[in-house]
Structure formats: structure tokens, C-alpha cells
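Chemist: Questions regarding the structure given below will be posed in turn.
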Amino acid sequence: MYIVQGEKIVFANRYMEELSGYSLEELMSRNAFEFVHPEDRDLVYRRNMERQAGLRGTEEYDFRVLTKHGVRWHSIRARPIVFNGKPTSYVTAIDVTRLHEANEKLRKLNDFLLVLGSILRHDILNEITVVRGAIELGDEKLLEKALGSLDSIVQKLEASKSVELALGELKPVNIREVVNNVIEK
């Protein structure tokens with residue numbers, strides 16, 4: 001938990017020290033937005049200033065943070081409060097880097113499976129073309145090749161089924177739900 005007033009962190013608890021790798025003195029002596037990843041900085045800065053100006057209420061979102069341990073993803077819940085007579089942002093944060101990494105892996109795996117499915121469909125359609133040609137022509141040699149193609153189709157379908165079963169347990173994670181459950185506990 002930390003409190004941002006203007007562009008400065010005016011209070012931070014020990015957990016923020018653990019999350020960031022910075023001492024409380026380091027956190028409070030620098031511009032709060034120096035800790036935000038450059039690609040996310042404008043968004044986080046704008047939302048913070050709008051919140052302190054009374055234009056935003058409580059909100060939740062994720063962004064990347066520059067810690068002493070490297071770039072991490074934090075999920076925050078920020079709300080406007082008055083601290084020492086001035087408008088501020090009261091922020092609770094949790095490290096959700098592993099969830100973001102898992103979701104990215106799932107996205108890449110899904111992309112791979114889409115390509116794999118496309119290739120399998122193409123191969124199976126080619127095999128079916130051989131079977132259809134053999135049946136239409138009634139040629140004995142082609143019918144033997146057609147039976148081999150049917151076996152190949154069955155093997156490909158079984159292989160795709162085993163991949164599907166193995167991946168059936170993997171599902172994208174709704175980071176917001178996980179964070180809310182952790183915060184509520």
C-alpha cells in the first residue's frame with residue numbers, strides 16, 4: 001500500500017519495500033512515476049492526476065513497474081482520498097507478474113495450436129482427396145493407397161485429440177478476479 005500526493009509517494013508500507021526492492025526512503029525520495037515502465041508511464045500518470053483532481057473514482061488496472069529485481073507487473077486498486085489536507089491517491093498493489101507471464105504463454109500456445117490445427121486440416125483434406133479419387137476410379141492400387149490414407153487420417157485425428165485433452169486443463173486467467181480474491185482475503 002502506498003499514498004501518492006502529486007508526483008511523490010508520501011507514505012508506503014513495508015510490503016511496497018518488498019515488492020519494489022527499494023527502501024522506503026528510496027521510494028519516498030523519488031518521483032513516483034520513475035518506478036513505472038516507460039510504456040505505461042503516461043497512462044498511470046494521467047489517471048493519477050485525474051484521480052487527485054476529482055475526475056476519477058476508485059479504479060483497478062495493471063501496469064508494469066521498474067523494480068530492483070527487473071520489470072514486474074502490478075495490479076492496483078487506486079482511490080482518491082484526502083491526506084494531510086491534500087488530495088491524494090491511496091493505492092494497494094499486488095505483484096501479478098506470474099499471471100501475466102502465464103497468460104502470455106497461453107496466448108502463444110493458442111496461436112501455435114491454431115497453426116497446428118490449420119496444418120492438420122490441410123493434411124487431412126489432402127488425404128481425403130486421395131481416398132475420394134481412389135473410390136471414383138475404382139483402381140486396386142489406388143484403393144490400397146486410400147486405405148493407407150484413411151489410417152493416416154485416423155492417426156492425425158487421434159494425435160490432435162491427445163493434444164486437445166492435454167491442453168484442456170489450461171485456461172486463460174482473469175487477473176482481475178484473482179487479485180480481487182487475494183485482496184478480499
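Residue names in the C-alpha cells use chain letters A, B, ... in the order shown, residue numbers from 1 in each chain, and ligand numbers from 1 in the order shown.
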Excluding His74 of chain A and residues on its chain fewer than 5 positions from it, collect all residues at most 12 Å away from it, counting only C-alpha atoms, and give them as a PyMOL selection string.

Modeler: chain A and resi 1+16+19-20+35-37+40+44+60-67+91-100+175-176+179

Chemist: How would you write, as a PyMOL selection string, the set of residues in chain A that DSSP gives as strand (DSSP E or B)?

Modeler: chain A and resi 2-5+8-12+31+36+59-67+70-83+86-95

Chemist: Those selected residues, please, written with N, CA and C atoms and delivered as a short mmCIF file (atom, residue, chain, number, x, y, z; two decimals), in the first residue's frame.

Modeler:
```cif
data_model
loop_
_atom_site.label_atom_id
_atom_site.label_comp_id
_atom_site.auth_asym_id
_atom_site.auth_seq_id
_atom_site.Cartn_x
_atom_site.Cartn_y
_atom_site.Cartn_z
N TYR A 2 0.50 2.22 -0.78
CA TYR A 2 1.23 3.47 -0.78
C TYR A 2 0.28 4.62 -1.10
N ILE A 3 0.71 5.81 -0.76
CA ILE A 3 -0.09 7.01 -1.00
C ILE A 3 0.74 7.95 -1.86
N VAL A 4 0.12 8.39 -2.97
CA VAL A 4 0.78 9.31 -3.90
C VAL A 4 0.08 10.66 -3.81
N GLN A 5 0.88 11.68 -3.55
CA GLN A 5 0.37 13.05 -3.50
C GLN A 5 1.12 13.84 -4.55
N LYS A 8 4.68 12.47 -5.82
CA LYS A 8 5.53 11.88 -4.81
C LYS A 8 4.79 10.82 -4.00
N ILE A 9 5.51 9.80 -3.62
CA ILE A 9 4.98 8.83 -2.67
C ILE A 9 5.21 9.44 -1.29
N VAL A 10 4.12 9.69 -0.57
CA VAL A 10 4.25 10.32 0.75
C VAL A 10 4.12 9.29 1.88
N PHE A 11 3.68 8.09 1.53
CA PHE A 11 3.63 7.01 2.50
C PHE A 11 3.70 5.69 1.74
N ALA A 12 4.42 4.73 2.31
CA ALA A 12 4.45 3.37 1.75
C ALA A 12 4.65 2.40 2.90
N ASN A 31 10.51 10.66 -7.73
CA ASN A 31 9.22 10.85 -8.39
C ASN A 31 8.56 9.47 -8.50
N VAL A 36 7.46 3.52 -12.78
CA VAL A 36 6.52 2.96 -13.75
C VAL A 36 7.25 2.75 -15.08
N GLU A 59 -10.51 2.86 -9.07
CA GLU A 59 -10.34 2.04 -10.27
C GLU A 59 -9.25 1.00 -10.05
N GLU A 60 -9.30 -0.01 -10.90
CA GLU A 60 -8.34 -1.12 -10.83
C GLU A 60 -7.75 -1.32 -12.22
N TYR A 61 -6.44 -1.51 -12.27
CA TYR A 61 -5.79 -1.81 -13.53
C TYR A 61 -4.38 -2.33 -13.27
N ASP A 62 -3.78 -2.88 -14.30
CA ASP A 62 -2.44 -3.45 -14.22
C ASP A 62 -1.48 -2.59 -15.03
N PHE A 63 -0.25 -2.54 -14.56
CA PHE A 63 0.80 -1.88 -15.33
C PHE A 63 2.15 -2.43 -14.90
N ARG A 64 3.15 -2.14 -15.70
CA ARG A 64 4.50 -2.64 -15.41
C ARG A 64 5.25 -1.65 -14.52
N VAL A 65 6.04 -2.22 -13.62
CA VAL A 65 6.78 -1.43 -12.65
C VAL A 65 8.26 -1.78 -12.78
N LEU A 66 9.10 -0.77 -12.62
CA LEU A 66 10.55 -0.97 -12.64
C LEU A 66 11.02 -1.18 -11.21
N THR A 67 11.37 -2.41 -10.87
CA THR A 67 11.83 -2.72 -9.52
C THR A 67 13.33 -2.98 -9.57
N GLY A 70 13.95 -6.07 -11.59
CA GLY A 70 13.58 -6.06 -13.01
C GLY A 70 12.16 -5.57 -13.20
N VAL A 71 11.64 -5.77 -14.38
CA VAL A 71 10.27 -5.32 -14.70
C VAL A 71 9.29 -6.34 -14.14
N ARG A 72 8.30 -5.83 -13.41
CA ARG A 72 7.26 -6.67 -12.82
C ARG A 72 5.91 -6.07 -13.17
N TRP A 73 4.88 -6.90 -13.17
CA TRP A 73 3.51 -6.43 -13.37
C TRP A 73 2.86 -6.27 -12.00
N HIS A 74 2.25 -5.11 -11.79
CA HIS A 74 1.48 -4.88 -10.58
C HIS A 74 0.03 -4.64 -10.95
N SER A 75 -0.84 -5.20 -10.17
CA SER A 75 -2.27 -4.93 -10.29
C SER A 75 -2.61 -4.02 -9.12
N ILE A 76 -3.23 -2.89 -9.43
CA ILE A 76 -3.51 -1.93 -8.36
C ILE A 76 -5.00 -1.62 -8.25
N ARG A 77 -5.33 -1.17 -7.09
CA ARG A 77 -6.65 -0.57 -6.83
C ARG A 77 -6.32 0.79 -6.26
N ALA A 78 -6.74 1.83 -6.95
CA ALA A 78 -6.42 3.19 -6.53
C ALA A 78 -7.71 3.96 -6.29
N ARG A 79 -7.72 4.71 -5.20
CA ARG A 79 -8.90 5.52 -4.93
C ARG A 79 -8.47 6.88 -4.41
N PRO A 80 -9.28 7.89 -4.67
CA PRO A 80 -8.94 9.23 -4.20
C PRO A 80 -9.25 9.36 -2.70
N ILE A 81 -8.32 9.98 -1.97
CA ILE A 81 -8.56 10.30 -0.57
C ILE A 81 -7.93 11.67 -0.30
N VAL A 82 -8.18 12.18 0.90
CA VAL A 82 -7.51 13.41 1.35
C VAL A 82 -6.53 12.98 2.43
N PHE A 83 -5.27 13.36 2.27
CA PHE A 83 -4.21 13.01 3.22
C PHE A 83 -3.48 14.29 3.59
N LYS A 86 -4.66 17.32 1.69
CA LYS A 86 -4.46 17.44 0.24
C LYS A 86 -5.00 16.22 -0.48
N PRO A 87 -5.49 16.41 -1.73
CA PRO A 87 -5.96 15.24 -2.50
C PRO A 87 -4.80 14.32 -2.83
N THR A 88 -5.06 13.04 -2.67
CA THR A 88 -4.02 12.03 -2.94
C THR A 88 -4.66 10.79 -3.54
N SER A 89 -3.81 9.87 -3.92
CA SER A 89 -4.26 8.55 -4.39
C SER A 89 -3.79 7.51 -3.39
N TYR A 90 -4.74 6.76 -2.86
CA TYR A 90 -4.46 5.65 -1.96
C TYR A 90 -4.42 4.40 -2.82
N VAL A 91 -3.29 3.71 -2.86
CA VAL A 91 -3.09 2.62 -3.80
C VAL A 91 -2.70 1.34 -3.07
N THR A 92 -3.41 0.25 -3.40
CA THR A 92 -2.98 -1.07 -2.96
C THR A 92 -2.48 -1.80 -4.20
N ALA A 93 -1.39 -2.53 -4.03
CA ALA A 93 -0.78 -3.19 -5.18
C ALA A 93 -0.43 -4.63 -4.83
N ILE A 94 -0.44 -5.44 -5.86
CA ILE A 94 -0.02 -6.84 -5.72
C ILE A 94 0.75 -7.21 -6.99
N ASP A 95 1.78 -8.01 -6.82
CA ASP A 95 2.59 -8.45 -7.95
C ASP A 95 1.86 -9.57 -8.67
#
```

Chemist: Residues within 6 Å of segment 116-126 of chain A, please, as a VMD selection string. Count only C-alpha atoms; anything in the same chain fewer than 3 positions from it doesn't count.

Modeler: chain A and resid 113 129 153

Chemist: Excluding Gly21 of chain A and any residue of its chain fewer than 4 positions from it, enumerate the residues within 7 Å of it, using only C-alpha atoms, and give them as a list in words.

Modeler: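 The filter keeps Glu17, Thr67, Lys68 and His69 of chain A.
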
Chemist: Would you write out those residues with C-alpha atoms, as an mmCIF file, in the first residue's frame?

Modeler:
```cif
data_model
loop_
_atom_site.group_PDB
_atom_site.id
_atom_site.type_symbol
_atom_site.label_atom_id
_atom_site.label_comp_id
_atom_site.auth_asym_id
_atom_site.auth_seq_id
_atom_site.Cartn_x
_atom_site.Cartn_y
_atom_site.Cartn_z
ATOM 1 C CA GLU A 17 9.538 -2.176 0.033
ATOM 2 C CA THR A 67 11.831 -2.718 -9.516
ATOM 3 C CA LYS A 68 15.336 -3.521 -8.381
ATOM 4 C CA HIS A 69 14.504 -7.091 -9.457
#
```
